[in-house]
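What follows is one structure encoded as C-alpha cells, with my remarks underneath.
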Amino acid sequence: MKSLYKWGAACILCGAMASFTAPVFAQEAAPAVAPAEESKTAGFLKSVEIGGFVDTYYKYNYNKNFNSSFRGNTPGFARAGGITDVTAFDREHNSFTLDNVEISIFKAATEKDPIGFGFTTNYGEIAQRLTFVNSQGRGDGLTGSQNFTISQGFVTYKAPVGKGIDFKVGKFATWIGAELWESVDNPNYSRSLLYQNAIPFTNTGISAAYPVTDKLTTTLFLVNGWDTFVDNNNGKTGGYQFAYKFSENTSLILNGSHGPEQPKDARLGVNDPGDNLRHFWDVIFAFKPLEKTTINLNVDFGTEKHASQNLVTGTQSIGTFGSTAIPNLPVGNPSNGKWWGGSAIVSRDITDSIGVALRGEYFDDNDGARVGVQHLRIWETTFTTNIKIRQNLFVRPEVRYDKANKDIFGTSNSGNLSTLIAFSYLF
C-alpha cells in the first residue's frame, strides 16, 4: 500500500499539554536528570509504520439477464449468481458488501538499520479473489469462500553496495500494472480490465532494486510465477522494472515478466509445461499537464506458448469398440496465445475535497488465452467521483459500462451498465 499512517500523534499532544500544565516553582529549579537510555523495543517500534483502511460498497447491475451461462476457464471466472466476472473484486450485485479490511505493518530498511519487513492482511470479499492457493502442487485455485488472506509477507535488506541495493524476499504485490488492489490508492474504485485479466496480483520470490541515477531505478525479480506462493511447475519466472523520472510530474515505467506459468500436470500434448513460456510487457506513462490534472496511460502485451483455445495438427484414429468404428478424434497442442490492451485514466481535483476520474480501456483476448473465450474483445468506461467527507473518510460514487463483442453478459447487446457507491475509512 502506498500510503501508511503513523500512530503517536495523540501521545505527542498529551505530552505537550502536560508540559504546559506542570507546576512552575519560583524557587530553585529542579536539578536536571539525564534521560534514561531508550530501550531497544521502543526504538524498534518508532521505526515501524502501521496503517490500513476499511472499504465497503453497494453495487447494482442494470443487466437483468446478467446470470448467463458464460464460463471462463481461468481461476476466478466460475460464475455465481449476481457476480460480475470482468471486474476484479467488486462483483456482488444488489448487495451491501464488505470489500476489504486491510492492515499493513512495515519497517523500512535504511543505511543505519538495514533490515526491514512488510506484512499485509486482508479480510472481506477481496480476500476470496486476491490470493491464489496451491492445491496438491497445481496452483490452480483461489481462496474460495475464505474471507481472510495474507496478501504480503516479506523481509527487506539494504546491502551497502554503491548507493545501496534493496533486496526483498517473500510474497509481495506484483510490480506490473498501473493500479493497485487497494481501492483507496486508485483514481477509480473498480479495477480495470487489464488489472483483472492481463496481469498477476501477487508474486513470491526475490527482488533487487538499485538507483542507477537520480532519475533511473532498476529492479530485477526472480519469482515462482503468477499468483502462486508455491511454484506450480519446474521453472522460475524472471522479471524487471525500469522506472525513469523525467521530472517531478512525468515518469515512464517499463515492466517485463518471462517464464513458464502453466501447472506441471497440465501436459498439453507432448510438450512439457516448462517449455510453455509466457512473455509479458507492461508500459506505464504518467504525467501532469496541469497542476490539478493527472493522466495515466498503460499498455500491456502478452504471449504464451500453447495457451490459445484453438487446437492445431490433425486427427487420430483410435480404432473400434467391439464391432463399432470410433471416429477420428482431434489431437495436438493448443496454438500460441496472445493478449493485449490499453487504458487511459484522467483524474482531476476540483476542490480540496472533491475529485473526478475518467477511465477508458480496451482489452483484446482473441485467442482466449486469459478469459477462455475465443475472439473476445472488451471495451470499458468508468467515471468516478471522489469525495472526502471528513479527514480519512471518503465516499466514491461510480458509473461503469462494459461492452463486449461476445455474449459474455447474457444480453443481445453484450453490454453491462453498473453503478456503485463505496465508503472508505483510512486509519
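Residues are named by chain letter and number: chains run A, B, ... in the order of the C-alpha cells, numbers start at 1 in each chain, and ligands are numbered from 1 in the order shown.
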- Message: Using only C-alpha atoms, which protein or nucleic acid residues come within 7 Å of segment 208-221 of chain A? Drop anything in the same chain fewer than 2 positions from it, and give the result as an NGL selection string.
- Response: :A and (163-168 or 206 or 223 or 238-246)
- Mind listing the helix (DSSP H, G or I) residues of segment 101-291 of chain A, per DSSP on the backbone, as a ChimeraX atom specification? /A:127-130,183-185,193-197,273-275
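Minimum atom-to-atom distances from A:Ser47, A:Thr381, A:Ser343, A:Ser95 to Leu194 of chain A were compared using only C-alpha atoms, and the lowest value belongs to A:Ser343.
Distances to Gly225 of chain A were evaluated for A:Glu248, A:Asp364, A:Glu261, A:Asp185 using only C-alpha atoms, and the minimum falls at A:Glu261.
Here atom CA of Arg400 of chain A stands at a distance of 13.7 Å from atom CA of Tyr362 of chain A.
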- Query: Could you pull out all residues of segment 147-223 of chain A with a DSSP call of strand (DSSP E or B) and give them as a ChimeraX atom specification?
  - Reply: /A:148-159,165-173,202-211,216-223
Serialized selection, N, CA and C atoms, as a short mmCIF file (atom, residue, chain, number, x, y, z; two decimals), in the first residue's frame:
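Saved as result-v5.cif:
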```cif
data_model
loop_
_atom_site.label_atom_id
_atom_site.label_comp_id
_atom_site.auth_asym_id
_atom_site.auth_seq_id
_atom_site.Cartn_x
_atom_site.Cartn_y
_atom_site.Cartn_z
N PHE A 148 -10.30 -14.37 4.65
CA PHE A 148 -9.07 -13.80 5.20
C PHE A 148 -7.88 -14.32 4.42
N THR A 149 -6.95 -13.44 4.14
CA THR A 149 -5.73 -13.86 3.45
C THR A 149 -4.57 -12.97 3.87
N ILE A 150 -3.37 -13.49 3.75
CA ILE A 150 -2.15 -12.71 3.92
C ILE A 150 -1.64 -12.40 2.51
N SER A 151 -1.85 -11.19 2.09
CA SER A 151 -1.51 -10.82 0.71
C SER A 151 -0.04 -10.50 0.54
N GLN A 152 0.60 -10.05 1.61
CA GLN A 152 2.03 -9.77 1.54
C GLN A 152 2.72 -10.22 2.83
N GLY A 153 3.95 -10.70 2.68
CA GLY A 153 4.79 -11.03 3.80
C GLY A 153 6.21 -11.17 3.31
N PHE A 154 7.08 -10.21 3.65
CA PHE A 154 8.42 -10.23 3.08
C PHE A 154 9.43 -9.60 4.04
N VAL A 155 10.69 -9.89 3.79
CA VAL A 155 11.81 -9.31 4.52
C VAL A 155 12.63 -8.48 3.54
N THR A 156 13.12 -7.33 4.00
CA THR A 156 13.93 -6.46 3.14
C THR A 156 15.32 -6.26 3.75
N TYR A 157 16.28 -6.00 2.88
CA TYR A 157 17.66 -5.76 3.33
C TYR A 157 18.31 -4.78 2.37
N LYS A 158 18.90 -3.72 2.95
CA LYS A 158 19.63 -2.73 2.14
C LYS A 158 21.12 -3.06 2.21
N ALA A 159 21.63 -3.63 1.14
CA ALA A 159 23.03 -4.03 1.09
C ALA A 159 23.91 -2.80 0.85
N ILE A 165 21.75 -1.51 -2.47
CA ILE A 165 20.86 -2.42 -3.20
C ILE A 165 19.76 -2.87 -2.26
N ASP A 166 18.51 -2.64 -2.64
CA ASP A 166 17.36 -3.00 -1.80
C ASP A 166 16.85 -4.38 -2.21
N PHE A 167 17.06 -5.37 -1.32
CA PHE A 167 16.58 -6.72 -1.56
C PHE A 167 15.23 -6.92 -0.86
N LYS A 168 14.38 -7.70 -1.48
CA LYS A 168 13.09 -8.07 -0.90
C LYS A 168 12.88 -9.56 -1.15
N VAL A 169 12.54 -10.32 -0.09
CA VAL A 169 12.35 -11.75 -0.20
C VAL A 169 11.03 -12.13 0.47
N GLY A 170 10.16 -12.84 -0.27
CA GLY A 170 8.89 -13.27 0.28
C GLY A 170 7.77 -13.10 -0.72
N LYS A 171 6.59 -12.86 -0.24
CA LYS A 171 5.41 -12.65 -1.08
C LYS A 171 5.08 -11.16 -1.08
N PHE A 172 4.86 -10.59 -2.28
CA PHE A 172 4.62 -9.16 -2.38
C PHE A 172 3.70 -8.87 -3.55
N ALA A 173 3.12 -7.66 -3.55
CA ALA A 173 2.27 -7.22 -4.65
C ALA A 173 3.09 -7.17 -5.93
N THR A 202 -0.14 -11.00 -7.31
CA THR A 202 0.98 -11.13 -6.38
C THR A 202 2.08 -12.00 -6.99
N ASN A 203 3.26 -11.89 -6.40
CA ASN A 203 4.39 -12.76 -6.77
C ASN A 203 5.13 -13.16 -5.51
N THR A 204 5.74 -14.32 -5.54
CA THR A 204 6.52 -14.81 -4.40
C THR A 204 7.93 -15.15 -4.88
N GLY A 205 8.92 -14.51 -4.28
CA GLY A 205 10.30 -14.73 -4.70
C GLY A 205 11.21 -13.68 -4.12
N ILE A 206 12.13 -13.19 -4.94
CA ILE A 206 13.14 -12.22 -4.51
C ILE A 206 13.26 -11.11 -5.54
N SER A 207 13.55 -9.90 -5.06
CA SER A 207 13.79 -8.77 -5.96
C SER A 207 14.99 -7.98 -5.45
N ALA A 208 15.62 -7.26 -6.36
CA ALA A 208 16.76 -6.41 -6.02
C ALA A 208 16.64 -5.11 -6.80
N ALA A 209 16.57 -3.98 -6.09
CA ALA A 209 16.39 -2.67 -6.71
C ALA A 209 17.63 -1.82 -6.48
N TYR A 210 18.02 -1.06 -7.52
CA TYR A 210 19.21 -0.21 -7.40
C TYR A 210 18.96 1.10 -8.15
N PRO A 211 19.21 2.25 -7.49
CA PRO A 211 19.08 3.55 -8.16
C PRO A 211 20.31 3.84 -9.02
N LEU A 216 16.79 7.21 -12.73
CA LEU A 216 16.53 5.85 -13.17
C LEU A 216 16.77 4.85 -12.05
N THR A 217 15.74 4.04 -11.76
CA THR A 217 15.84 2.94 -10.80
C THR A 217 15.53 1.64 -11.52
N THR A 218 16.41 0.65 -11.34
CA THR A 218 16.26 -0.65 -11.98
C THR A 218 16.01 -1.72 -10.92
N THR A 219 15.02 -2.59 -11.18
CA THR A 219 14.70 -3.67 -10.25
C THR A 219 14.63 -4.98 -11.02
N LEU A 220 15.26 -6.02 -10.49
CA LEU A 220 15.22 -7.36 -11.07
C LEU A 220 14.44 -8.29 -10.14
N PHE A 221 13.72 -9.27 -10.73
CA PHE A 221 12.87 -10.18 -9.97
C PHE A 221 13.15 -11.63 -10.39
N LEU A 222 13.08 -12.52 -9.42
CA LEU A 222 13.08 -13.96 -9.67
C LEU A 222 12.01 -14.56 -8.76
N VAL A 223 10.91 -15.06 -9.36
CA VAL A 223 9.74 -15.47 -8.58
C VAL A 223 9.24 -16.83 -9.05
#
```
Which residues, written as a compact mmCIF listing (two decimals) with C-alpha atoms, in the first residue's frame, have at least one atom at most 12 Å from segment 385-398 of chain A, with only C-alpha atoms counted and residues fewer than 3 positions away on the same chain left out?
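In the end it all went to out_24.txt:
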```txt
# COMPACT_ATOMS: atom_id res chain seq x y z
CA SER A 3 0.22 5.45 1.97
CA TYR A 5 -0.28 6.23 8.54
CA GLY A 51 -1.85 1.61 8.77
CA GLY A 52 -4.86 0.33 6.94
CA PHE A 53 -8.40 1.03 5.86
CA VAL A 54 -11.96 -0.29 5.83
CA ASP A 55 -13.67 -0.43 2.44
CA THR A 56 -17.36 -1.20 1.75
CA TYR A 57 -19.64 -0.73 -1.25
CA TYR A 58 -23.11 -1.22 -2.71
CA LYS A 59 -23.36 -2.19 -6.38
CA TYR A 60 -26.21 -2.64 -8.82
CA ASP A 90 -16.39 -5.56 -6.70
CA SER A 183 -9.00 0.87 -3.93
CA VAL A 184 -8.06 3.97 -1.91
CA ASP A 185 -4.83 4.34 -3.92
CA ASN A 186 -6.52 4.28 -7.34
CA PRO A 187 -8.33 7.15 -9.12
CA ASN A 188 -11.26 4.80 -9.88
CA TYR A 189 -12.87 2.45 -7.39
CA SER A 190 -13.32 -0.60 -9.65
CA ARG A 191 -10.19 -2.06 -11.22
CA SER A 347 -8.12 12.42 -12.91
CA ARG A 348 -8.65 15.98 -11.72
CA ASP A 349 -9.01 17.64 -8.33
CA ILE A 350 -12.00 20.02 -8.47
CA THR A 351 -11.54 21.24 -4.89
CA ASP A 352 -9.53 20.07 -1.89
CA SER A 353 -12.39 17.69 -1.05
CA ILE A 354 -13.76 16.65 -4.45
CA GLY A 355 -12.07 14.96 -7.39
CA VAL A 356 -13.17 13.09 -10.51
CA ALA A 357 -11.60 10.33 -12.60
CA LEU A 358 -12.48 9.02 -16.06
CA ARG A 359 -11.09 5.71 -17.36
CA THR A 381 -15.61 3.18 -19.49
CA THR A 382 -15.75 4.24 -15.85
CA TYR A 401 -20.22 0.40 -18.67
CA LEU A 417 -24.16 -0.98 -17.04
CA SER A 418 -23.45 -0.87 -13.33
CA THR A 419 -23.39 1.75 -10.60
CA LEU A 420 -21.90 1.60 -7.14
CA ILE A 421 -21.19 3.77 -4.13
CA ALA A 422 -18.21 2.98 -1.92
CA PHE A 423 -17.30 4.15 1.58
CA SER A 424 -13.69 4.03 2.76
CA TYR A 425 -12.06 4.99 6.04
CA LEU A 426 -8.28 5.19 6.41
CA PHE A 427 -6.51 4.72 9.72
```
- Note on the structure: The distance between atom CA of Pro334 of chain A and atom CA of Leu193 of chain A is 24.4 Å
- Query: So how far away is atom CA of Phe106 of chain A from atom CA of Ile345 of chain A, in Å?
  - Reply: 29.2 Å
- 6 Å contact set for segment 368-378 of chain A, only C-alpha atoms, chain neighbours under 5 positions out, as JSON, numbers by chain: {"A": [72, 73, 307, 308, 309, 337, 362, 363, 403, 404, 405]}
Output of the above residues as an mmCIF file, in the first residue's frame, restricted to N, CA and C atoms:
```cif
data_model
loop_
_atom_site.group_PDB
_atom_site.id
_atom_site.type_symbol
_atom_site.label_atom_id
_atom_site.label_comp_id
_atom_site.auth_asym_id
_atom_site.auth_seq_id
_atom_site.Cartn_x
_atom_site.Cartn_y
_atom_site.Cartn_z
ATOM 1 N N GLY A 72 -15.702 -18.839 -17.910
ATOM 2 C CA GLY A 72 -14.314 -18.711 -18.312
ATOM 3 C C GLY A 72 -13.527 -19.859 -17.717
ATOM 4 N N ASN A 73 -12.362 -20.146 -18.249
ATOM 5 C CA ASN A 73 -11.616 -21.290 -17.750
ATOM 6 C C ASN A 73 -10.417 -20.893 -16.903
ATOM 7 N N ALA A 307 -1.248 -21.598 -25.185
ATOM 8 C CA ALA A 307 -2.260 -21.003 -24.308
ATOM 9 C C ALA A 307 -3.552 -20.670 -25.031
ATOM 10 N N SER A 308 -3.571 -20.800 -26.362
ATOM 11 C CA SER A 308 -4.772 -20.489 -27.120
ATOM 12 C C SER A 308 -5.828 -21.568 -26.924
ATOM 13 N N GLN A 309 -7.081 -21.197 -27.157
ATOM 14 C CA GLN A 309 -8.182 -22.148 -27.096
ATOM 15 C C GLN A 309 -8.308 -22.964 -28.380
ATOM 16 N N GLY A 337 -0.940 -18.368 -27.706
ATOM 17 C CA GLY A 337 -1.956 -17.365 -27.422
ATOM 18 C C GLY A 337 -1.356 -15.991 -27.198
ATOM 19 N N TYR A 362 -9.454 -0.822 -23.479
ATOM 20 C CA TYR A 362 -9.772 -1.868 -24.448
ATOM 21 C C TYR A 362 -8.899 -3.074 -24.141
ATOM 22 N N PHE A 363 -9.512 -4.263 -24.160
ATOM 23 C CA PHE A 363 -8.769 -5.499 -23.905
ATOM 24 C C PHE A 363 -9.092 -6.498 -24.999
ATOM 25 N N LYS A 403 -18.624 -3.376 -22.466
ATOM 26 C CA LYS A 403 -19.182 -3.794 -23.745
ATOM 27 C C LYS A 403 -18.250 -4.828 -24.374
ATOM 28 N N ALA A 404 -18.808 -5.932 -24.854
ATOM 29 C CA ALA A 404 -18.010 -6.995 -25.464
ATOM 30 C C ALA A 404 -18.599 -7.379 -26.813
ATOM 31 N N ASN A 405 -17.762 -7.987 -27.661
ATOM 32 C CA ASN A 405 -18.245 -8.463 -28.958
ATOM 33 C C ASN A 405 -18.817 -9.874 -28.865
#
```
- Query: For Leu277 of chain A, which residue out of A:Thr294, A:Asn255, A:Thr237, A:Ser247 is the nearest one, using only C-alpha atoms?
  - Reply: A:Thr237
